[in-house]
>>> print(open('input18.cif').read())   # mmCIF, C-alpha atoms and all ligand atoms
data_model
#
loop_
_atom_site.group_PDB
_atom_site.id
_atom_site.type_symbol
_atom_site.label_atom_id
_atom_site.label_comp_id
_atom_site.auth_asym_id
_atom_site.auth_seq_id
_atom_site.Cartn_x
_atom_site.Cartn_y
_atom_site.Cartn_z
ATOM 1 C CA MET Y 1 -28.259 -12.888 1.663
ATOM 2 C CA PHE Y 2 -25.701 -10.111 1.067
ATOM 3 C CA ARG Y 3 -22.170 -10.447 -0.218
ATOM 4 C CA ARG Y 4 -19.438 -7.834 -0.277
ATOM 5 C CA LEU Y 5 -17.953 -7.067 -3.682
ATOM 6 C CA ARG Y 6 -14.604 -6.170 -2.086
ATOM 7 C CA THR Y 7 -13.020 -7.586 1.046
ATOM 8 C CA ASP Y 8 -9.584 -5.956 0.897
ATOM 9 C CA ASP Y 9 -10.710 -2.854 2.803
ATOM 10 C CA LEU Y 10 -12.175 -4.479 5.925
ATOM 11 C CA THR Y 11 -9.944 -2.700 8.417
ATOM 12 C CA THR Y 12 -12.332 -2.257 11.341
ATOM 13 C CA THR Y 13 -13.361 -4.948 13.822
ATOM 14 C CA ILE Y 14 -16.576 -4.971 15.810
ATOM 15 C CA PHE Y 15 -18.009 -7.779 17.929
ATOM 16 C CA PHE Y 16 -21.514 -9.154 17.628
ATOM 17 C CA ASP Y 17 -22.577 -11.283 20.585
ATOM 18 C CA GLY Y 18 -18.863 -11.798 21.202
ATOM 19 C CA ARG Y 19 -18.043 -12.826 17.612
ATOM 20 C CA PRO Y 20 -15.444 -10.643 15.844
ATOM 21 C CA LEU Y 21 -16.566 -9.207 12.509
ATOM 22 C CA ARG Y 22 -14.332 -7.407 10.044
ATOM 23 C CA CYS Y 23 -16.000 -4.431 8.422
ATOM 24 C CA ARG Y 24 -15.332 -1.317 6.401
ATOM 25 C CA PRO Y 25 -14.863 2.078 8.070
ATOM 26 C CA GLY Y 26 -18.023 4.045 7.362
ATOM 27 C CA ASP Y 27 -20.289 0.985 7.317
ATOM 28 C CA SER Y 28 -23.366 1.282 9.454
ATOM 29 C CA VAL Y 29 -23.565 -1.384 12.133
ATOM 30 C CA ALA Y 30 -26.555 -2.852 10.274
ATOM 31 C CA ALA Y 31 -24.648 -3.040 6.985
ATOM 32 C CA ALA Y 32 -21.722 -4.714 8.735
ATOM 33 C CA LEU Y 33 -23.958 -7.311 10.387
ATOM 34 C CA LEU Y 34 -25.876 -8.051 7.194
ATOM 35 C CA ALA Y 35 -22.629 -8.427 5.239
ATOM 36 C CA ALA Y 36 -21.531 -10.967 7.868
ATOM 37 C CA GLY Y 37 -24.679 -13.008 7.262
ATOM 38 C CA ILE Y 38 -26.440 -12.068 10.497
ATOM 39 C CA GLU Y 39 -30.208 -12.059 10.060
ATOM 40 C CA ARG Y 40 -31.539 -11.812 13.639
ATOM 41 C CA PHE Y 41 -30.815 -8.449 15.200
ATOM 42 C CA ARG Y 42 -33.503 -8.537 17.884
ATOM 43 C CA THR Y 43 -36.656 -10.263 19.035
ATOM 44 C CA THR Y 44 -39.978 -8.581 19.650
ATOM 45 C CA PRO Y 45 -41.030 -7.957 23.274
ATOM 46 C CA VAL Y 46 -44.456 -9.642 23.012
ATOM 47 C CA SER Y 47 -44.094 -12.701 20.763
ATOM 48 C CA GLY Y 48 -40.316 -13.129 20.642
ATOM 49 C CA THR Y 49 -40.338 -13.029 16.837
ATOM 50 C CA ASP Y 50 -36.969 -12.561 15.143
ATOM 51 C CA ARG Y 51 -36.464 -9.198 13.437
ATOM 52 C CA MET Y 52 -33.873 -7.846 11.008
ATOM 53 C CA PRO Y 53 -33.430 -4.482 9.278
ATOM 54 C CA HIS Y 54 -36.117 -3.515 6.843
ATOM 55 C CA CYS Y 55 -35.813 0.135 5.796
ATOM 56 C CA MET Y 56 -32.121 0.983 6.478
ATOM 57 C CA ILE Y 57 -33.092 4.670 6.870
ATOM 58 C CA GLY Y 58 -34.225 4.906 10.481
ATOM 59 C CA ASN Y 59 -37.968 4.474 10.056
ATOM 60 C CA CYS Y 60 -38.881 0.888 10.982
ATOM 61 C CA PHE Y 61 -36.914 0.253 14.213
ATOM 62 C CA ASP Y 62 -36.487 -3.416 13.286
ATOM 63 C CA CYS Y 63 -32.714 -3.047 13.575
ATOM 64 C CA LEU Y 64 -32.565 -2.241 17.303
ATOM 65 C CA VAL Y 65 -29.474 -3.646 19.008
ATOM 66 C CA GLU Y 66 -27.389 -2.935 22.067
ATOM 67 C CA ILE Y 67 -24.164 -1.073 21.239
ATOM 68 C CA ASP Y 68 -21.489 -0.649 23.895
ATOM 69 C CA GLY Y 69 -24.032 -1.162 26.671
ATOM 70 C CA GLN Y 70 -26.696 1.173 25.232
ATOM 71 C CA ALA Y 71 -29.955 -0.595 24.346
ATOM 72 C CA ASP Y 72 -32.371 0.526 21.630
ATOM 73 C CA GLN Y 73 -29.718 1.715 19.162
ATOM 74 C CA GLN Y 74 -30.808 1.828 15.521
ATOM 75 C CA ALA Y 75 -28.066 -0.192 13.850
ATOM 76 C CA CYS Y 76 -28.803 1.318 10.438
ATOM 77 C CA LEU Y 77 -27.966 4.829 11.709
ATOM 78 C CA VAL Y 78 -24.861 4.116 13.798
ATOM 79 C CA PRO Y 79 -21.478 3.895 12.061
ATOM 80 C CA VAL Y 80 -19.098 1.135 13.120
ATOM 81 C CA ARG Y 81 -16.399 2.033 15.625
ATOM 82 C CA GLU Y 82 -13.295 -0.037 16.203
ATOM 83 C CA GLY Y 83 -13.863 -2.533 19.010
ATOM 84 C CA SER Y 84 -17.574 -1.824 19.512
ATOM 85 C CA GLN Y 85 -19.472 -4.522 21.366
ATOM 86 C CA VAL Y 86 -22.810 -5.091 19.649
ATOM 87 C CA ARG Y 87 -25.372 -7.428 21.160
ATOM 88 C CA SER Y 88 -28.622 -8.739 19.790
ATOM 89 C CA GLN Y 89 -31.527 -7.223 21.672
ATOM 90 C CA LEU Y 90 -33.939 -9.740 23.104
ATOM 91 C CA GLY Y 91 -37.375 -8.548 24.140
ATOM 92 C CA THR Y 92 -37.506 -4.958 25.302
ATOM 93 C CA GLY Y 93 -33.758 -4.677 25.505
ATOM 94 C CA ARG Y 94 -33.956 -1.860 27.969
ATOM 95 C CA PHE Y 95 -34.963 -4.244 30.739
ATOM 96 C CA ASP Y 96 -33.777 -7.578 29.396
ATOM 97 C CA ALA Y 97 -30.218 -6.675 28.386
ATOM 98 C CA ALA Y 98 -27.727 -8.488 30.567
HETATM 99 S S1 LIG M 101 -33.553 -0.722 9.460
HETATM 100 FE FE1 LIG M 101 -35.357 0.449 9.770
HETATM 101 S S2 LIG M 101 -34.834 1.747 11.414
HETATM 102 FE FE2 LIG M 101 -33.016 0.661 11.037
#
>>> encode(input="input18.cif", output="C-alpha cells", more="lines below")
Ligand code: FES
Amino acid sequence: MFRRLRTDDLTTTIFFDGRPLRCRPGDSVAAALLAAGIERFRTTPVSGTDRMPHCMIGNCFDCLVEIDGQADQQACLVPVREGSQVRSQLGTGRFDAA
C-alpha cells in the first residue's frame, strides 16, 4: 500500500513478530510497519477482526501493538528505537500477550 521514496537512509532496525525491518530514525513505529507492507497491527478483543492504523495522530487506537513487552502502545505515537521488539496485539493484548 505504501512505498518509500528513498531507501538509502534506513539505518535503524526494529523487529515485528520476530521479523527484522529496516527503518528511518524518526519514523513512528506505525510508519515503519506500514512502509514494510504490514497491514495487521492487532485484532479486536470481541470479534478478532484485523485492524491497522487509521488516523496516525493518536485518536483511533487502531494501531495498538506491544512494544518491548508493553501492551497497548499506540504505534503512531511511538518513535522507532534501535532493536525494539514489536509484536502484533491479539485480542486485549494486556491479558493475551505471551
Ligand atoms: S493510528 Fe489512530 S491512534 Fe494510532
>>> residues_near_ligand(input="input18.cif", ligand="ligand LIG 101 (chain M)", cutoff="8 Å", atoms="only C-alpha atoms and all ligand atoms", output="PDB file with C-alpha atoms, in the coordinates of the input")
ATOM      1  CA  ALA Y  30     -26.555  -2.852  10.274  1.00  0.00           C
ATOM      2  CA  MET Y  52     -33.873  -7.846  11.008  1.00  0.00           C
ATOM      3  CA  PRO Y  53     -33.430  -4.482   9.278  1.00  0.00           C
ATOM      4  CA  HIS Y  54     -36.117  -3.515   6.843  1.00  0.00           C
ATOM      5  CA  CYS Y  55     -35.813   0.135   5.796  1.00  0.00           C
ATOM      6  CA  MET Y  56     -32.121   0.983   6.478  1.00  0.00           C
ATOM      7  CA  ILE Y  57     -33.092   4.670   6.870  1.00  0.00           C
ATOM      8  CA  GLY Y  58     -34.225   4.906  10.481  1.00  0.00           C
ATOM      9  CA  ASN Y  59     -37.968   4.474  10.056  1.00  0.00           C
ATOM     10  CA  CYS Y  60     -38.881   0.888  10.982  1.00  0.00           C
ATOM     11  CA  PHE Y  61     -36.914   0.253  14.213  1.00  0.00           C
ATOM     12  CA  ASP Y  62     -36.487  -3.416  13.286  1.00  0.00           C
ATOM     13  CA  CYS Y  63     -32.714  -3.047  13.575  1.00  0.00           C
ATOM     14  CA  LEU Y  64     -32.565  -2.241  17.303  1.00  0.00           C
ATOM     15  CA  GLN Y  74     -30.808   1.828  15.521  1.00  0.00           C
ATOM     16  CA  ALA Y  75     -28.066  -0.192  13.850  1.00  0.00           C
ATOM     17  CA  CYS Y  76     -28.803   1.318  10.438  1.00  0.00           C
ATOM     18  CA  LEU Y  77     -27.966   4.829  11.709  1.00  0.00           C
TER      19      LEU Y  77
END
>>> resolve_selection(input="input18.cif", expression="the PyMOL selection byres (((chain Y and resi 93) around 12) and not hetatm)", output="list in words")
Phe41, Arg42, Thr43, Thr44, Pro45, Gly48, Leu64, Val65, Glu66, Ile67, Gly69, Gln70, Ala71, Asp72, Gln73, Arg87, Ser88, Gln89, Leu90, Gly91, Thr92, Arg94, Phe95, Asp96, Ala97 and Ala98 of chain Y
>>> closest_residue(input="input18.cif", among="Y:Leu10, Y:Gly83, Y:Arg3, Y:Ser47", to="Asp27 (chain Y)", atoms="only C-alpha atoms")
Y:Leu10
>>> closest_residue(input="input18.cif", among="Y:Val29, Y:Phe2, Y:Pro79, Y:Arg51", to="Phe15 (chain Y)", atoms="all atoms listed in the file")
Y:Val29
>>> atom_distance(input="input18.cif", atom1="CA of Glu82 (chain Y)", atom2="CA of Ile14 (chain Y)")
5.9 Å
>>> residues_around(input="input18.cif", residues="Thr13 (chain Y)", least_positions_apart="5", cutoff="9 Å", atoms="all atoms listed in the file", output="PyMOL selection string")
chain Y and resi 20-24+80-84
>>> atom_distance(input="input18.cif", atom1="CA of Asp68 (chain Y)", atom2="CA of Ile38 (chain Y)")
18.3 Å
>>> residues_around(input="input18.cif", residues="Met1 (chain Y)", least_positions_apart="6", cutoff="10 Å", atoms="all atoms listed in the file", output="PDB file with C-alpha atoms, keeping the file's coordinate frame")
ATOM      1  CA  LEU Y  34     -25.876  -8.051   7.194  1.00  0.00           C
ATOM      2  CA  ALA Y  35     -22.629  -8.427   5.239  1.00  0.00           C
ATOM      3  CA  ALA Y  36     -21.531 -10.967   7.868  1.00  0.00           C
ATOM      4  CA  GLY Y  37     -24.679 -13.008   7.262  1.00  0.00           C
ATOM      5  CA  ILE Y  38     -26.440 -12.068  10.497  1.00  0.00           C
ATOM      6  CA  GLU Y  39     -30.208 -12.059  10.060  1.00  0.00           C
TER       7      GLU Y  39
END
>>> axis_aligned_box(input="input18.cif", around="region 5-19 of chain Y", padding_each_side="8 Å", output="lines of an AutoDock Vina configuration file")
center_x = -16.1
center_y = -7.5
center_z = 8.8
size_x = 29.0
size_y = 26.6
size_z = 40.9
>>> closest_residue(input="input18.cif", among="Y:Val86, Y:Val46, Y:Arg40, Y:Pro25", to="Thr12 (chain Y)", atoms="all atoms listed in the file")
Y:Pro25
>>> atom_distance(input="input18.cif", atom1="CA of Leu33 (chain Y)", atom2="CA of Asp17 (chain Y)")
11.0 Å
>>> closest_residue(input="input18.cif", among="Y:Arg19, Y:Arg4, Y:Thr11, Y:Thr49", to="Ala31 (chain Y)", atoms="all atoms listed in the file")
Y:Arg4
>>> decode(input="input18.cif", residues="chain Y", atoms="C-alpha atoms", output="PDB file, in the first residue's frame")
ATOM      1  CA  MET Y   1       0.000   0.000   0.000  1.00  0.00           C
ATOM      2  CA  PHE Y   2       2.828   2.411   0.893  1.00  0.00           C
ATOM      3  CA  ARG Y   3       6.223   2.707  -0.727  1.00  0.00           C
ATOM      4  CA  ARG Y   4       9.233   4.652   0.475  1.00  0.00           C
ATOM      5  CA  LEU Y   5      10.612   7.229  -1.942  1.00  0.00           C
ATOM      6  CA  ARG Y   6      14.124   6.775  -0.516  1.00  0.00           C
ATOM      7  CA  THR Y   7      15.697   3.660   0.951  1.00  0.00           C
ATOM      8  CA  ASP Y   8      19.287   4.837   1.416  1.00  0.00           C
ATOM      9  CA  ASP Y   9      18.634   6.218   4.907  1.00  0.00           C
ATOM     10  CA  LEU Y  10      17.159   3.129   6.586  1.00  0.00           C
ATOM     11  CA  THR Y  11      19.711   2.902   9.376  1.00  0.00           C
ATOM     12  CA  THR Y  12      17.551   1.632  12.233  1.00  0.00           C
ATOM     13  CA  THR Y  13      16.349  -1.943  12.718  1.00  0.00           C
ATOM     14  CA  ILE Y  14      13.264  -2.967  14.648  1.00  0.00           C
ATOM     15  CA  PHE Y  15      11.630  -6.392  14.820  1.00  0.00           C
ATOM     16  CA  PHE Y  16       7.978  -7.090  14.157  1.00  0.00           C
ATOM     17  CA  ASP Y  17       6.834 -10.503  15.358  1.00  0.00           C
ATOM     18  CA  GLY Y  18      10.491 -11.511  15.123  1.00  0.00           C
ATOM     19  CA  ARG Y  19      10.992 -10.208  11.564  1.00  0.00           C
ATOM     20  CA  PRO Y  20      13.729  -7.563  11.166  1.00  0.00           C
ATOM     21  CA  LEU Y  21      12.605  -4.339   9.498  1.00  0.00           C
ATOM     22  CA  ARG Y  22      14.898  -1.555   8.358  1.00  0.00           C
ATOM     23  CA  CYS Y  23      13.504   1.891   9.031  1.00  0.00           C
ATOM     24  CA  ARG Y  24      14.421   5.545   9.206  1.00  0.00           C
ATOM     25  CA  PRO Y  25      15.370   7.206  12.503  1.00  0.00           C
ATOM     26  CA  GLY Y  26      12.427   9.388  13.468  1.00  0.00           C
ATOM     27  CA  ASP Y  27       9.821   7.122  11.865  1.00  0.00           C
ATOM     28  CA  SER Y  28       6.919   6.253  14.088  1.00  0.00           C
ATOM     29  CA  VAL Y  29       6.555   2.528  14.651  1.00  0.00           C
ATOM     30  CA  ALA Y  30       3.319   2.667  12.636  1.00  0.00           C
ATOM     31  CA  ALA Y  31       5.012   4.389   9.693  1.00  0.00           C
ATOM     32  CA  ALA Y  32       7.813   1.824   9.756  1.00  0.00           C
ATOM     33  CA  LEU Y  33       5.381  -1.102   9.774  1.00  0.00           C
ATOM     34  CA  LEU Y  34       3.222   0.356   7.012  1.00  0.00           C
ATOM     35  CA  ALA Y  35       6.294   1.042   4.867  1.00  0.00           C
ATOM     36  CA  ALA Y  36       7.228  -2.631   5.319  1.00  0.00           C
ATOM     37  CA  GLY Y  37       3.836  -3.695   3.976  1.00  0.00           C
ATOM     38  CA  ILE Y  38       2.372  -4.797   7.306  1.00  0.00           C
ATOM     39  CA  GLU Y  39      -1.387  -4.297   7.389  1.00  0.00           C
ATOM     40  CA  ARG Y  40      -2.487  -6.183  10.532  1.00  0.00           C
ATOM     41  CA  PHE Y  41      -1.294  -4.498  13.696  1.00  0.00           C
ATOM     42  CA  ARG Y  42      -3.827  -6.027  16.081  1.00  0.00           C
ATOM     43  CA  THR Y  43      -7.093  -7.903  16.323  1.00  0.00           C
ATOM     44  CA  THR Y  44     -10.159  -6.736  18.189  1.00  0.00           C
ATOM     45  CA  PRO Y  45     -10.936  -8.367  21.561  1.00  0.00           C
ATOM     46  CA  VAL Y  46     -14.544  -9.339  20.735  1.00  0.00           C
ATOM     47  CA  SER Y  47     -14.661 -10.432  17.082  1.00  0.00           C
ATOM     48  CA  GLY Y  48     -10.971 -10.928  16.305  1.00  0.00           C
ATOM     49  CA  THR Y  49     -11.184  -8.549  13.342  1.00  0.00           C
ATOM     50  CA  ASP Y  50      -7.879  -7.358  11.894  1.00  0.00           C
ATOM     51  CA  ARG Y  51      -7.079  -3.686  12.485  1.00  0.00           C
ATOM     52  CA  MET Y  52      -4.481  -1.301  11.067  1.00  0.00           C
ATOM     53  CA  PRO Y  53      -3.743   2.390  11.648  1.00  0.00           C
ATOM     54  CA  HIS Y  54      -6.426   4.793  10.592  1.00  0.00           C
ATOM     55  CA  CYS Y  55      -5.755   8.307  11.900  1.00  0.00           C
ATOM     56  CA  MET Y  56      -1.958   8.345  12.531  1.00  0.00           C
ATOM     57  CA  ILE Y  57      -2.471  11.096  15.151  1.00  0.00           C
ATOM     58  CA  GLY Y  58      -3.374   9.170  18.289  1.00  0.00           C
ATOM     59  CA  ASN Y  59      -7.159   9.311  18.117  1.00  0.00           C
ATOM     60  CA  CYS Y  60      -8.433   5.957  16.818  1.00  0.00           C
ATOM     61  CA  PHE Y  61      -6.383   3.381  18.786  1.00  0.00           C
ATOM     62  CA  ASP Y  62      -6.437   1.001  15.814  1.00  0.00           C
ATOM     63  CA  CYS Y  63      -2.635   0.890  15.838  1.00  0.00           C
ATOM     64  CA  LEU Y  64      -2.195  -0.731  19.266  1.00  0.00           C
ATOM     65  CA  VAL Y  65       0.799  -3.065  19.434  1.00  0.00           C
ATOM     66  CA  GLU Y  66       3.112  -4.475  22.056  1.00  0.00           C
ATOM     67  CA  ILE Y  67       6.483  -2.691  22.143  1.00  0.00           C
ATOM     68  CA  ASP Y  68       9.327  -4.122  24.206  1.00  0.00           C
ATOM     69  CA  GLY Y  69       6.894  -6.052  26.394  1.00  0.00           C
ATOM     70  CA  GLN Y  70       4.447  -3.166  26.942  1.00  0.00           C
ATOM     71  CA  ALA Y  71       0.962  -3.838  25.552  1.00  0.00           C
ATOM     72  CA  ASP Y  72      -1.448  -1.159  24.333  1.00  0.00           C
ATOM     73  CA  GLN Y  73       1.188   1.116  22.781  1.00  0.00           C
ATOM     74  CA  GLN Y  74      -0.074   3.472  20.076  1.00  0.00           C
ATOM     75  CA  ALA Y  75       2.321   2.711  17.234  1.00  0.00           C
ATOM     76  CA  CYS Y  76       1.583   6.017  15.505  1.00  0.00           C
ATOM     77  CA  LEU Y  77       2.890   7.987  18.514  1.00  0.00           C
ATOM     78  CA  VAL Y  78       5.998   5.970  19.399  1.00  0.00           C
ATOM     79  CA  PRO Y  79       9.235   6.639  17.505  1.00  0.00           C
ATOM     80  CA  VAL Y  80      11.331   3.662  16.433  1.00  0.00           C
ATOM     81  CA  ARG Y  81      14.246   2.698  18.655  1.00  0.00           C
ATOM     82  CA  GLU Y  82      17.115   0.515  17.531  1.00  0.00           C
ATOM     83  CA  GLY Y  83      16.410  -3.128  18.338  1.00  0.00           C
ATOM     84  CA  SER Y  84      12.839  -2.644  19.579  1.00  0.00           C
ATOM     85  CA  GLN Y  85      10.742  -5.793  19.659  1.00  0.00           C
ATOM     86  CA  VAL Y  86       7.273  -5.005  18.331  1.00  0.00           C
ATOM     87  CA  ARG Y  87       4.542  -7.619  18.429  1.00  0.00           C
ATOM     88  CA  SER Y  88       1.092  -7.635  16.924  1.00  0.00           C
ATOM     89  CA  GLN Y  89      -1.511  -7.392  19.652  1.00  0.00           C
ATOM     90  CA  LEU Y  90      -4.120 -10.110  19.563  1.00  0.00           C
ATOM     91  CA  GLY Y  91      -7.334  -9.582  21.484  1.00  0.00           C
ATOM     92  CA  THR Y  92      -6.983  -7.423  24.563  1.00  0.00           C
ATOM     93  CA  GLY Y  93      -3.223  -7.550  24.469  1.00  0.00           C
ATOM     94  CA  ARG Y  94      -2.959  -6.789  28.129  1.00  0.00           C
ATOM     95  CA  PHE Y  95      -4.088 -10.296  29.024  1.00  0.00           C
ATOM     96  CA  ASP Y  96      -3.371 -12.205  25.835  1.00  0.00           C
ATOM     97  CA  ALA Y  97       0.209 -11.094  25.169  1.00  0.00           C
ATOM     98  CA  ALA Y  98       2.586 -14.003  25.541  1.00  0.00           C
TER      99      ALA Y  98
END
